[in-house]
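upload.txt follows (compact mmCIF, C-alpha atoms):
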```txt
# COMPACT_ATOMS: atom_id res chain seq x y z
CA MET X 86 2.28 -22.98 30.46
CA SER X 87 -1.33 -22.79 29.28
CA ARG X 88 -3.32 -25.74 27.93
CA ALA X 89 -5.87 -25.79 25.11
CA PHE X 90 -8.90 -28.04 24.58
CA LEU X 91 -10.25 -27.77 21.03
CA VAL X 92 -13.58 -29.60 20.85
CA ILE X 93 -15.49 -30.23 17.62
CA ILE X 94 -19.22 -30.91 18.01
CA ASP X 95 -19.54 -32.54 14.62
CA SER X 96 -22.09 -30.88 12.30
CA VAL X 97 -23.46 -28.27 14.75
CA GLY X 98 -23.82 -25.48 12.21
CA ILE X 99 -25.52 -22.10 12.70
CA GLY X 100 -26.59 -21.21 9.16
CA GLY X 101 -25.69 -18.10 7.22
CA ALA X 102 -23.00 -19.46 4.89
CA THR X 103 -22.68 -16.95 2.06
CA ASP X 104 -22.08 -19.70 -0.50
CA ALA X 105 -24.79 -22.13 0.69
CA ASP X 106 -26.48 -21.80 -2.71
CA GLN X 107 -23.52 -23.66 -4.25
CA PHE X 108 -24.02 -26.78 -2.12
CA PHE X 109 -26.93 -29.20 -2.43
CA ASN X 110 -29.00 -31.97 -0.92
CA GLY X 111 -30.22 -33.66 -4.07
CA ASP X 112 -31.40 -30.81 -6.30
CA ILE X 113 -32.14 -28.45 -3.39
CA PRO X 114 -29.49 -25.86 -2.44
CA ASP X 115 -28.51 -25.53 1.22
CA THR X 116 -29.67 -21.90 1.27
CA GLY X 117 -31.43 -21.36 4.59
CA ALA X 118 -30.19 -24.52 6.33
CA ASN X 119 -29.49 -23.87 10.01
CA THR X 120 -28.85 -26.78 12.35
CA VAL X 121 -29.02 -24.98 15.72
CA ALA X 122 -31.78 -22.49 14.92
CA HIS X 123 -34.07 -25.08 13.35
CA ILE X 124 -33.62 -27.51 16.25
CA ALA X 125 -34.37 -24.70 18.71
CA GLN X 126 -37.45 -23.70 16.74
CA ALA X 127 -38.69 -27.31 16.53
CA CYS X 128 -38.24 -27.77 20.28
CA ALA X 129 -40.12 -24.55 21.03
CA GLU X 130 -42.96 -25.66 18.77
CA GLY X 131 -43.27 -29.09 20.39
CA ARG X 132 -41.86 -30.97 17.40
CA ALA X 133 -38.98 -32.61 19.29
CA GLU X 134 -40.64 -34.51 22.12
CA ASP X 135 -39.07 -37.97 21.70
CA GLY X 136 -37.04 -38.62 24.86
CA ARG X 137 -37.07 -34.96 25.89
CA SER X 138 -39.58 -32.13 26.09
CA GLY X 139 -40.03 -28.40 25.77
CA PRO X 140 -37.70 -25.64 24.58
CA LEU X 141 -34.07 -26.47 23.85
CA LYS X 142 -32.14 -26.24 27.14
CA LEU X 143 -28.46 -25.36 26.60
CA PRO X 144 -27.57 -23.00 29.47
CA THR X 145 -23.81 -23.61 29.30
CA LEU X 146 -23.39 -23.30 25.54
CA ASP X 147 -25.78 -20.35 25.41
CA ALA X 148 -23.81 -18.54 28.12
CA LEU X 149 -20.67 -19.13 26.06
CA GLY X 150 -22.42 -17.43 23.12
CA LEU X 151 -24.24 -20.09 21.07
CA GLY X 152 -27.49 -18.17 20.66
CA ALA X 153 -25.68 -14.92 19.95
CA ALA X 154 -23.40 -16.57 17.38
CA THR X 155 -26.36 -18.19 15.62
CA ARG X 156 -28.23 -14.90 15.37
CA LEU X 157 -25.11 -13.13 14.11
CA ALA X 158 -24.38 -15.84 11.53
CA SER X 159 -27.87 -16.09 10.07
CA GLY X 160 -30.31 -13.67 11.65
CA GLU X 161 -32.62 -16.56 12.54
CA ALA X 162 -34.64 -16.75 15.74
CA THR X 163 -33.18 -18.95 18.49
CA PRO X 164 -36.03 -19.65 20.94
CA GLY X 165 -34.67 -20.68 24.33
CA LEU X 166 -31.18 -19.36 23.52
CA HIS X 167 -31.16 -15.72 24.62
CA ALA X 168 -28.45 -15.53 27.30
CA GLU X 169 -26.18 -12.51 27.54
CA PRO X 170 -22.84 -14.21 26.75
CA THR X 171 -20.28 -14.46 29.53
CA GLY X 172 -17.81 -16.26 27.25
CA PHE X 173 -15.90 -15.11 24.18
CA TRP X 174 -17.66 -16.03 20.96
CA ALA X 175 -17.67 -15.71 17.18
CA ALA X 176 -19.18 -17.27 14.06
CA ALA X 177 -16.81 -18.86 11.55
CA GLN X 178 -17.01 -19.09 7.76
CA GLU X 179 -15.42 -21.96 5.80
CA HIS X 180 -13.60 -21.29 2.51
CA SER X 181 -12.66 -24.82 1.41
CA LYS X 182 -14.95 -26.11 -1.34
CA GLY X 183 -16.52 -28.87 0.67
CA LYS X 184 -19.01 -29.44 3.46
CA ASP X 185 -17.36 -32.59 4.73
CA THR X 186 -15.28 -33.76 7.68
CA PRO X 187 -11.76 -33.39 6.20
CA SER X 188 -12.46 -29.98 4.67
CA GLY X 189 -13.80 -28.57 7.91
CA HIS X 190 -11.20 -30.11 10.20
CA TRP X 191 -8.22 -29.30 7.98
CA GLU X 192 -9.26 -25.66 7.74
CA LEU X 193 -9.96 -25.42 11.49
CA ALA X 194 -6.43 -26.81 11.95
CA GLY X 195 -5.00 -24.05 9.74
CA LEU X 196 -4.99 -25.62 6.27
CA PRO X 197 -7.73 -24.72 3.79
CA VAL X 198 -8.01 -27.61 1.33
CA PRO X 199 -5.67 -26.73 -1.57
CA TRP X 200 -7.61 -28.65 -4.23
CA ASP X 201 -11.13 -29.60 -5.25
CA TRP X 202 -12.25 -32.97 -3.91
CA SER X 203 -13.47 -35.64 -6.31
CA PHE X 204 -17.04 -36.89 -6.03
CA PHE X 205 -18.87 -39.82 -7.60
CA PRO X 206 -22.09 -39.32 -9.59
CA ASP X 207 -25.39 -40.37 -8.08
CA THR X 208 -25.92 -43.06 -10.72
CA ARG X 209 -25.84 -46.85 -10.88
CA PRO X 210 -23.04 -47.64 -11.23
CA SER X 211 -21.29 -44.72 -9.47
CA PHE X 212 -17.71 -45.92 -9.91
CA PRO X 213 -15.97 -46.05 -13.32
CA GLU X 214 -14.94 -49.45 -14.65
CA ASP X 215 -11.21 -48.75 -14.46
CA LEU X 216 -11.51 -47.84 -10.78
CA VAL X 217 -13.46 -51.00 -9.98
CA LYS X 218 -10.79 -53.06 -11.76
CA ASP X 219 -7.98 -51.36 -9.83
CA ILE X 220 -9.81 -51.83 -6.52
CA THR X 221 -10.59 -55.51 -6.99
CA THR X 222 -7.00 -56.18 -8.02
CA ALA X 223 -5.41 -54.21 -5.17
CA GLY X 224 -7.88 -55.57 -2.64
CA ASN X 225 -7.65 -59.16 -3.88
CA VAL X 226 -11.40 -59.71 -4.31
CA GLN X 227 -13.37 -61.10 -7.25
CA GLY X 228 -15.94 -58.32 -7.34
CA ILE X 229 -17.87 -55.72 -5.38
CA LEU X 230 -21.51 -55.10 -4.49
CA GLY X 231 -23.33 -51.79 -4.30
CA ASN X 232 -21.45 -49.38 -6.56
CA CYS X 233 -23.89 -46.57 -5.83
CA HIS X 234 -24.87 -43.72 -3.51
CA ALA X 235 -26.51 -45.18 -0.41
CA SER X 236 -27.29 -44.90 3.27
CA GLY X 237 -24.89 -47.10 5.21
CA THR X 238 -27.66 -48.74 7.21
CA ASP X 239 -29.96 -49.22 4.23
CA ILE X 240 -27.33 -50.83 2.04
CA ILE X 241 -26.37 -53.51 4.55
CA ASP X 242 -30.05 -54.34 4.94
CA GLU X 243 -30.30 -54.63 1.15
CA LEU X 244 -27.04 -56.43 0.40
CA GLY X 245 -25.84 -57.92 3.69
CA ALA X 246 -27.05 -61.44 2.96
CA LEU X 247 -25.65 -61.41 -0.59
CA HIS X 248 -22.33 -60.13 0.76
CA VAL X 249 -22.13 -63.03 3.23
CA GLN X 250 -23.00 -65.45 0.41
CA THR X 251 -20.52 -64.11 -2.18
CA GLY X 252 -17.75 -62.61 -0.06
CA PHE X 253 -17.84 -59.46 -2.20
CA PRO X 254 -17.39 -56.25 -0.17
CA ILE X 255 -20.21 -53.69 -0.35
CA CYS X 256 -18.81 -50.47 -1.82
CA TYR X 257 -20.82 -47.25 -1.86
CA THR X 258 -20.50 -43.48 -1.62
CA SER X 259 -22.46 -40.35 -0.74
CA ALA X 260 -22.52 -36.63 -1.50
CA ASP X 261 -19.17 -36.40 0.33
CA SER X 262 -15.82 -37.24 -1.22
CA VAL X 263 -15.77 -40.77 0.20
CA PHE X 264 -15.49 -44.41 -0.81
CA GLN X 265 -17.12 -46.58 1.85
CA VAL X 266 -16.68 -50.32 2.27
CA ALA X 267 -19.07 -52.41 4.36
CA ALA X 268 -18.19 -55.98 5.26
CA HIS X 269 -19.22 -58.54 7.87
CA GLU X 270 -16.85 -58.70 10.82
CA HIS X 271 -17.02 -62.49 10.98
CA SER X 272 -17.67 -63.92 7.51
CA PHE X 273 -15.40 -61.42 5.75
CA GLY X 274 -13.29 -60.57 8.78
CA LEU X 275 -12.54 -57.24 10.43
CA ALA X 276 -8.79 -57.50 9.86
CA ARG X 277 -9.36 -58.34 6.20
CA LEU X 278 -11.71 -55.36 5.80
CA LEU X 279 -9.13 -52.98 7.25
CA GLU X 280 -6.40 -54.48 5.05
CA PHE X 281 -8.66 -54.11 1.99
CA CYS X 282 -9.33 -50.44 2.75
CA GLU X 283 -5.68 -49.74 3.43
CA ALA X 284 -4.71 -51.37 0.12
CA ILE X 285 -7.19 -49.40 -2.00
CA ALA X 286 -6.82 -46.05 -0.19
CA PRO X 287 -3.81 -44.86 -2.27
CA ILE X 288 -5.82 -45.48 -5.47
CA LEU X 289 -8.68 -43.30 -4.23
CA HIS X 290 -6.41 -40.65 -2.73
CA ALA X 291 -4.62 -40.29 -6.08
CA ARG X 292 -8.01 -39.33 -7.51
CA LYS X 293 -8.48 -36.77 -4.69
CA VAL X 294 -11.20 -38.78 -2.98
CA GLY X 295 -10.88 -37.63 0.61
CA ARG X 296 -11.53 -40.81 2.59
CA VAL X 297 -11.86 -44.56 2.32
CA ILE X 298 -14.06 -45.65 5.22
CA ALA X 299 -14.23 -49.19 6.61
CA ARG X 300 -17.78 -49.89 7.81
CA PRO X 301 -17.89 -53.28 9.59
CA PHE X 302 -21.19 -54.86 10.55
CA VAL X 303 -22.53 -58.00 12.24
CA GLY X 304 -25.76 -60.00 12.25
CA ASP X 305 -27.59 -62.26 9.83
CA GLU X 306 -30.49 -62.23 7.40
CA VAL X 307 -32.98 -63.41 10.01
CA ALA X 308 -32.03 -61.17 12.94
CA GLY X 309 -30.93 -58.27 10.76
CA PHE X 310 -27.60 -56.54 10.29
CA SER X 311 -26.13 -53.69 12.34
CA ARG X 312 -22.95 -51.67 12.11
CA THR X 313 -20.34 -51.93 14.85
CA THR X 314 -18.13 -49.25 16.43
CA ASN X 315 -15.01 -50.53 14.64
CA ARG X 316 -15.24 -47.99 11.83
CA LYS X 317 -11.91 -46.71 10.54
CA ASP X 318 -11.23 -43.84 8.12
CA PHE X 319 -8.25 -43.84 5.76
CA ALA X 320 -7.89 -40.16 4.90
CA ILE X 321 -5.54 -38.26 2.64
CA THR X 322 -2.57 -37.00 4.64
CA PRO X 323 -2.60 -33.19 4.93
CA PRO X 324 0.01 -31.89 2.44
CA GLU X 325 1.30 -29.19 4.80
CA PRO X 326 1.86 -28.87 8.57
CA ILE X 327 -1.27 -28.24 10.63
CA LEU X 328 -2.01 -27.14 14.19
CA THR X 329 -1.14 -30.52 15.67
CA ASN X 330 2.26 -30.43 13.92
CA TRP X 331 2.92 -26.88 15.10
CA VAL X 332 2.30 -27.87 18.72
CA GLN X 333 4.19 -31.17 18.54
CA ASP X 334 7.16 -29.55 16.78
CA ALA X 335 7.36 -27.06 19.65
CA GLY X 336 7.91 -30.00 22.00
CA GLN X 337 4.41 -29.93 23.48
CA LYS X 338 2.05 -32.89 23.86
CA VAL X 339 -0.93 -33.45 21.55
CA TYR X 340 -3.88 -35.70 22.45
CA GLY X 341 -6.46 -36.75 19.87
CA LEU X 342 -9.95 -37.93 20.81
CA GLY X 343 -12.31 -39.74 18.47
CA LYS X 344 -11.92 -39.37 14.68
CA ILE X 345 -9.07 -36.87 14.96
CA GLY X 346 -6.39 -39.51 14.34
CA ASP X 347 -8.13 -40.77 11.19
CA ILE X 348 -8.91 -37.29 9.85
CA PHE X 349 -5.30 -36.15 10.07
CA SER X 350 -3.65 -39.53 9.39
CA MET X 351 -2.09 -39.23 12.88
CA GLN X 352 -0.08 -36.18 11.84
CA GLY X 353 1.22 -34.42 14.95
CA ILE X 354 -0.70 -36.61 17.41
CA ASP X 355 1.14 -38.19 20.33
CA GLU X 356 -1.71 -40.16 21.87
CA LEU X 357 -5.11 -41.15 20.43
CA ARG X 358 -8.15 -42.22 22.41
CA LYS X 359 -11.29 -43.58 20.69
CA GLY X 360 -14.76 -44.70 21.70
CA THR X 361 -18.40 -43.68 21.74
CA ASP X 362 -19.23 -40.05 22.42
CA ALA X 363 -20.02 -40.94 26.05
CA GLU X 364 -16.66 -42.68 26.40
CA LEU X 365 -14.88 -39.76 24.72
CA MET X 366 -16.51 -37.34 27.13
CA ASN X 367 -15.10 -39.37 30.02
CA GLN X 368 -11.69 -39.18 28.34
CA LEU X 369 -12.05 -35.42 27.93
CA HIS X 370 -12.85 -35.04 31.63
CA ASN X 371 -9.81 -37.18 32.41
CA LEU X 372 -7.50 -35.06 30.26
CA VAL X 373 -8.77 -31.85 31.84
CA GLU X 374 -7.55 -33.33 35.11
CA THR X 375 -4.29 -34.89 33.86
CA ALA X 376 -3.01 -33.28 30.62
CA GLU X 377 0.37 -31.59 30.86
CA ASN X 378 0.93 -27.84 30.78
CA GLY X 379 1.37 -26.66 27.20
CA SER X 380 -0.64 -29.56 25.76
CA LEU X 381 -3.34 -29.53 23.11
CA THR X 382 -6.34 -31.84 23.36
CA PHE X 383 -8.18 -32.03 20.03
CA ALA X 384 -11.52 -33.86 20.23
CA ASN X 385 -14.31 -34.76 17.82
CA PHE X 386 -17.78 -35.82 18.99
CA VAL X 387 -19.26 -37.46 15.90
CA GLU X 388 -22.64 -38.82 16.97
CA PHE X 389 -24.45 -35.49 16.49
CA ASP X 390 -23.70 -36.00 12.80
CA SER X 391 -23.73 -39.76 12.34
CA GLU X 392 -26.67 -40.68 14.59
CA TYR X 393 -28.97 -37.67 14.30
CA GLY X 394 -28.05 -35.26 11.49
CA HIS X 395 -27.85 -37.77 8.65
CA ARG X 396 -30.91 -39.57 10.00
CA ARG X 397 -32.87 -36.30 10.21
CA ASP X 398 -33.72 -36.99 13.85
CA ILE X 399 -34.52 -33.62 15.44
CA SER X 400 -35.40 -35.02 18.87
CA GLY X 401 -32.26 -37.14 18.97
CA TYR X 402 -30.09 -34.21 17.97
CA ALA X 403 -31.70 -32.04 20.68
CA ARG X 404 -31.13 -34.76 23.30
CA ALA X 405 -27.47 -35.01 22.27
CA LEU X 406 -26.99 -31.25 22.51
CA GLU X 407 -28.57 -31.15 25.96
CA TRP X 408 -26.36 -34.03 27.14
CA PHE X 409 -23.27 -32.28 25.79
CA ASP X 410 -24.28 -29.03 27.47
CA ARG X 411 -24.58 -30.71 30.88
CA GLU X 412 -21.21 -32.39 30.49
CA ILE X 413 -19.45 -29.20 29.41
CA GLY X 414 -20.97 -27.37 32.36
CA GLN X 415 -19.32 -29.88 34.69
CA LEU X 416 -16.05 -29.85 32.75
CA ILE X 417 -15.67 -26.07 32.89
CA GLY X 418 -15.53 -26.27 36.68
CA LYS X 419 -12.41 -28.46 36.42
CA LEU X 420 -10.40 -26.20 34.08
CA LYS X 421 -7.32 -24.33 35.29
CA PRO X 422 -7.46 -20.51 35.26
CA ASP X 423 -5.17 -20.21 32.20
CA ASP X 424 -6.77 -23.04 30.17
CA LEU X 425 -8.58 -22.35 26.89
CA LEU X 426 -11.66 -24.39 26.00
CA LEU X 427 -12.72 -23.70 22.41
CA ILE X 428 -15.85 -25.41 21.11
CA THR X 429 -16.69 -25.28 17.41
CA ALA X 430 -17.97 -27.43 14.52
CA ASP X 431 -16.80 -28.59 11.10
CA HIS X 432 -19.98 -28.11 8.98
CA GLY X 433 -23.75 -28.32 9.38
CA ASN X 434 -26.20 -31.21 9.19
CA ASP X 435 -29.61 -29.68 9.70
CA PRO X 436 -31.93 -32.52 10.81
CA SER X 437 -34.96 -30.57 9.57
CA TRP X 438 -33.55 -30.26 6.04
CA ILE X 439 -34.41 -32.22 2.91
CA GLY X 440 -32.17 -35.20 2.07
CA THR X 441 -29.62 -36.91 4.30
CA ASP X 442 -26.37 -35.05 3.57
CA HIS X 443 -24.40 -32.35 5.35
CA THR X 444 -25.52 -28.73 4.99
CA ARG X 445 -23.23 -25.78 4.18
CA GLU X 446 -23.32 -23.47 7.22
CA ARG X 447 -21.24 -21.19 9.36
CA VAL X 448 -20.26 -22.65 12.73
CA PRO X 449 -20.09 -21.32 16.29
CA VAL X 450 -16.80 -20.52 18.03
CA LEU X 451 -17.38 -20.63 21.79
CA CYS X 452 -14.50 -19.94 24.19
CA HIS X 453 -14.08 -20.30 27.94
CA GLY X 454 -10.92 -18.80 29.39
CA LEU X 455 -10.82 -15.51 27.48
CA GLY X 456 -13.38 -13.58 29.49
CA ALA X 457 -16.43 -12.06 27.83
CA GLY X 458 -16.40 -10.59 24.33
CA GLN X 459 -16.86 -11.42 20.67
CA ALA X 460 -14.86 -11.46 17.45
CA GLY X 461 -17.76 -11.26 14.99
CA ILE X 462 -17.43 -13.26 11.77
CA VAL X 463 -14.07 -15.04 11.56
CA ASN X 464 -12.52 -17.67 9.29
CA PHE X 465 -12.16 -21.36 10.12
CA SER X 466 -8.36 -21.03 9.93
CA ASP X 467 -8.46 -18.29 12.60
CA VAL X 468 -9.29 -21.03 15.11
CA ALA X 469 -5.89 -22.67 14.58
CA ALA X 470 -4.07 -19.35 14.76
CA SER X 471 -5.82 -18.48 18.03
CA VAL X 472 -5.12 -21.84 19.67
CA ALA X 473 -1.49 -21.62 18.56
CA GLN X 474 -1.13 -18.16 20.09
CA HIS X 475 -2.67 -19.35 23.35
CA LEU X 476 -0.16 -22.21 23.51
CA GLY X 477 2.76 -19.97 22.57
CA VAL X 478 3.63 -21.79 19.34
CA THR X 479 4.16 -20.46 15.84
CA GLY X 480 1.23 -20.84 13.48
CA LEU X 481 2.12 -21.38 9.83
CA GLY X 482 -1.29 -21.15 8.18
CA PRO X 483 -3.27 -18.23 6.73
CA GLY X 484 -5.37 -17.66 9.84
CA ARG X 485 -5.26 -14.63 12.12
CA SER X 486 -5.65 -14.97 15.88
CA PHE X 487 -8.72 -13.36 17.40
CA LEU X 488 -7.27 -13.49 20.94
```
What would the structure in this file look like if it were written as structure tokens?
Amino acid sequence: MSRAFLVIIDSVGIGGATDADQFFNGDIPDTGANTVAHIAQACAEGRAEDGRSGPLKLPTLDALGLGAATRLASGEATPGLHAEPTGFWAAAQEHSKGKDTPSGHWELAGLPVPWDWSFFPDTRPSFPEDLVKDITTAGNVQGILGNCHASGTDIIDELGALHVQTGFPICYTSADSVFQVAAHEHSFGLARLLEFCEAIAPILHARKVGRVIARPFVGDEVAGFSRTTNRKDFAITPPEPILTNWVQDAGQKVYGLGKIGDIFSMQGIDELRKGTDAELMNQLHNLVETAENGSLTFANFVEFDSEYGHRRDISGYARALEWFDREIGQLIGKLKPDDLLLITADHGNDPSWIGTDHTRERVPVLCHGLGAGQAGIVNFSDVAASVAQHLGVTGLGPGRSFL
């Protein structure tokens, strides 16, 4: 039986979304945002020289079709990415009304989001009084700090000391459908933070807020505060079966790497492995060597988004892409002849763009194991249908296989 490795490089968009004018960073529409093209252009122009130098070097991804997919999606120039593809490639369009992690992942897994997400206004306060009352009661706290849109690193710098003094959790949001909770791992307690988020998650989910995110941090007022790797997302459970369910229900093994377990509330996942992107890459190499025939490995590499996209760090994003390219080049050599490696993304996060939020973009679909060719513009849900067909399982979603 064949195996499939579905790898999400979080936020690596390629522009061209037909509805980008309906999505915003502040008051500016995402029209023209293009994560890959703008990074490539910045590198070629010498504007991404921190820790790397010269044109963007992605020989493996470009050979799979990254440059071609970007030009098809948006028509933008891709300096340094001009290979004649030897892989099978496409560009994918999202239809869910969001440019966030759950929307992208659910639709890639075969389930376009069947409702509109709820968002909080960019005001102070952001959260309505009745919600704050319900949260403090359910979470057994006397009050909250923050109650606004904020950067996660900025708000712990601003309120970390007051949080330690009062014991009130720091609650904030962003342009995504999220409710984030920052708390000190020691003074508040990591276990207590996770229990708090778990207790309030049903309240937020009932309002169609996609995720409650625990954001633990450490440090003090003198040395400064920093977030730890013990983040945990409490996401709405998908209301219908998704790709992981289809595979698991067929009696085949499903491995999740990174945020996949949180995003899908562990639906259809037999084994979850977490860690930094470097640690997850080691796990991916391991599963290429050890995963059973018929299995699905579903991985998310989040640091492109969290460390570089939101922070508008073009050099850092370019470094991460070049690291990923080298690793994938080595990994391809370990794949079995009938394996499918499908690399795609869940949304954009153009580090050259205004603001700090995701950008509405098409995404690349890059396949090793199908020979050379292209499918043109496809839908996100076609990814799930194609993986399902490769694994010989029945897909239940709206997607159509491009195999």
Task: Neighbour list for X:Pro187 as a list in words, cut-off 8 Å, all atoms listed in the file, skip fewer than 3 positions in-chain - done: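 The residues satisfying every condition are His190, Trp191, Gly295, Ala320 and Ile348 of chain X.
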Open item on the list: For a cutoff of 12 Å around the file-coordinate point (-28.7, -13.8, 10.7), which residues qualify once you count only C-alpha atoms? I'd like the result as a list in words.
Closed with: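 Counting only C-alpha atoms, I find these residues within 12 Å of (-28.7, -13.8, 10.7): Ile99, Gly100, Gly101, Ala102, Thr103, Gly117, Ala118, Asn119, Ala122, Gly152, Ala153, Ala154, Thr155, Arg156, Leu157, Ala158, Ser159, Gly160, Glu161, Ala162, Thr163, Ala176, Glu446, Arg447 and Ile462 of chain X.
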Open item on the list: Between atom CA of X:Val339 and atom CA of X:Arg316, what is the distance in Å, rounded to a tenth?
Closed with: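 Computed distance, atom CA of X:Val339 to atom CA of X:Arg316, equals 22.6 Å.
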Task: Atomic separation - atom CA of X:Gly456 relative to atom CA of X:Phe383, Å - done: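 Taking atom CA of X:Phe383 and atom CA of X:Gly456, their separation equals 21.4 Å.
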Task: Residue with smallest distance to X:Glu169 - pool X:Asp147, X:Asp219, X:Asp135, X:Asp185, counting all atoms listed in the file - done: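 Of X:Asp147, X:Asp219, X:Asp135, X:Asp185, the one nearest X:Glu169, counting all atoms listed in the file, is X:Asp147.
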TODO: Please measure the separation of atom CA of X:Thr120 and atom CA of X:Ser259, giving the value in Å to one decimal.
DONE: 19.9 Å
Interface rows for stretch 312-404 of chain X against stretch 426-440 of chain X: nearest pair, Å to one decimal, 7 Å, only C-alpha atoms, as CSV:
```
residue,atom,partner,partner_atom,distance
X:Asp390,CA,X:Asn434,CA,6.5
X:Tyr393,CA,X:Pro436,CA,6.9
X:Gly394,CA,X:Pro436,CA,4.8
X:His395,CA,X:Asn434,CA,6.8
X:Arg397,CA,X:Pro436,CA,3.9
X:Asp398,CA,X:Pro436,CA,5.7
X:Ile399,CA,X:Pro436,CA,5.4
```
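With all atoms listed in the file as the basis for measurement, X:Ser380 is the residue among X:Ser380, X:Ile229, X:Gly360, X:Phe108 that approaches X:Asp334 most closely.
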- [ ] Pick out the closest residue to X:Gly401 from this set: X:Glu388, X:His290, X:Asp423, X:Gly172. Count all atoms listed in the file.
- [x]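 Distance minimum relative to X:Gly401 lands on X:Glu388.
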Task: Residue neighbourhood X:Gly245, 9 Å, only C-alpha atoms, exclusion window fewer than 5 positions, as a ChimeraX atom specification - done: /X:240,250,255,267-269,302,304-306,309-310
- [ ] Skip X:Gln368 itself and residues of its chain fewer than 5 positions away, then list as a VMD selection string all residues within 10 Å of it, counting all atoms listed in the file.
- [x] chain X and resid 342 to 343 358 to 360 362 to 363 373 to 374 384
Selection from above, C-alpha atoms, as an mmCIF file, keeping the file's coordinate frame, can you write it?
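The result, stored in selection12.cif:
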```cif
data_model
loop_
_atom_site.group_PDB
_atom_site.id
_atom_site.type_symbol
_atom_site.label_atom_id
_atom_site.label_comp_id
_atom_site.auth_asym_id
_atom_site.auth_seq_id
_atom_site.Cartn_x
_atom_site.Cartn_y
_atom_site.Cartn_z
ATOM 1 C CA LEU X 342 -9.950 -37.930 20.810
ATOM 2 C CA GLY X 343 -12.310 -39.740 18.470
ATOM 3 C CA ARG X 358 -8.150 -42.220 22.410
ATOM 4 C CA LYS X 359 -11.290 -43.580 20.690
ATOM 5 C CA GLY X 360 -14.760 -44.700 21.700
ATOM 6 C CA ASP X 362 -19.230 -40.050 22.420
ATOM 7 C CA ALA X 363 -20.020 -40.940 26.050
ATOM 8 C CA VAL X 373 -8.770 -31.850 31.840
ATOM 9 C CA GLU X 374 -7.550 -33.330 35.110
ATOM 10 C CA ALA X 384 -11.520 -33.860 20.230
#
```
Show me, as a short mmCIF file (atom, residue, chain, number, x, y, z; two decimals) with C-alpha atoms, keeping the file's coordinate frame, the residues that have an atom within 10 Å of X:Ser466 when counting all atoms listed in the file, minus same-chain residues fewer than 6 positions from it.
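Wrote it out as result-v9.cif, contents follow:
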```
data_model
loop_
_atom_site.label_atom_id
_atom_site.label_comp_id
_atom_site.auth_asym_id
_atom_site.auth_seq_id
_atom_site.Cartn_x
_atom_site.Cartn_y
_atom_site.Cartn_z
CA ALA X 177 -16.81 -18.86 11.55
CA GLN X 178 -17.01 -19.09 7.76
CA GLU X 179 -15.42 -21.96 5.80
CA HIS X 180 -13.60 -21.29 2.51
CA GLY X 189 -13.80 -28.57 7.91
CA HIS X 190 -11.20 -30.11 10.20
CA TRP X 191 -8.22 -29.30 7.98
CA GLU X 192 -9.26 -25.66 7.74
CA LEU X 193 -9.96 -25.42 11.49
CA ALA X 194 -6.43 -26.81 11.95
CA GLY X 195 -5.00 -24.05 9.74
CA LEU X 196 -4.99 -25.62 6.27
CA PRO X 197 -7.73 -24.72 3.79
CA LEU X 328 -2.01 -27.14 14.19
CA GLY X 482 -1.29 -21.15 8.18
CA PRO X 483 -3.27 -18.23 6.73
CA GLY X 484 -5.37 -17.66 9.84
CA ARG X 485 -5.26 -14.63 12.12
CA SER X 486 -5.65 -14.97 15.88
#
```
Task: Polymer residues at most 12 Å from X:Leu149, only C-alpha atoms, same-chain spacing of 6 or more positions, as an MDAnalysis selection string - done: chainID X and resid 143 155 166:175 410 413:414 417 426:429 449:459
Task: Of the listed residues X:Ala105, X:Leu216, X:Ile345, X:Leu425, that which approaches X:His443 most closely, counting all atoms listed in the file - done: X:Ala105
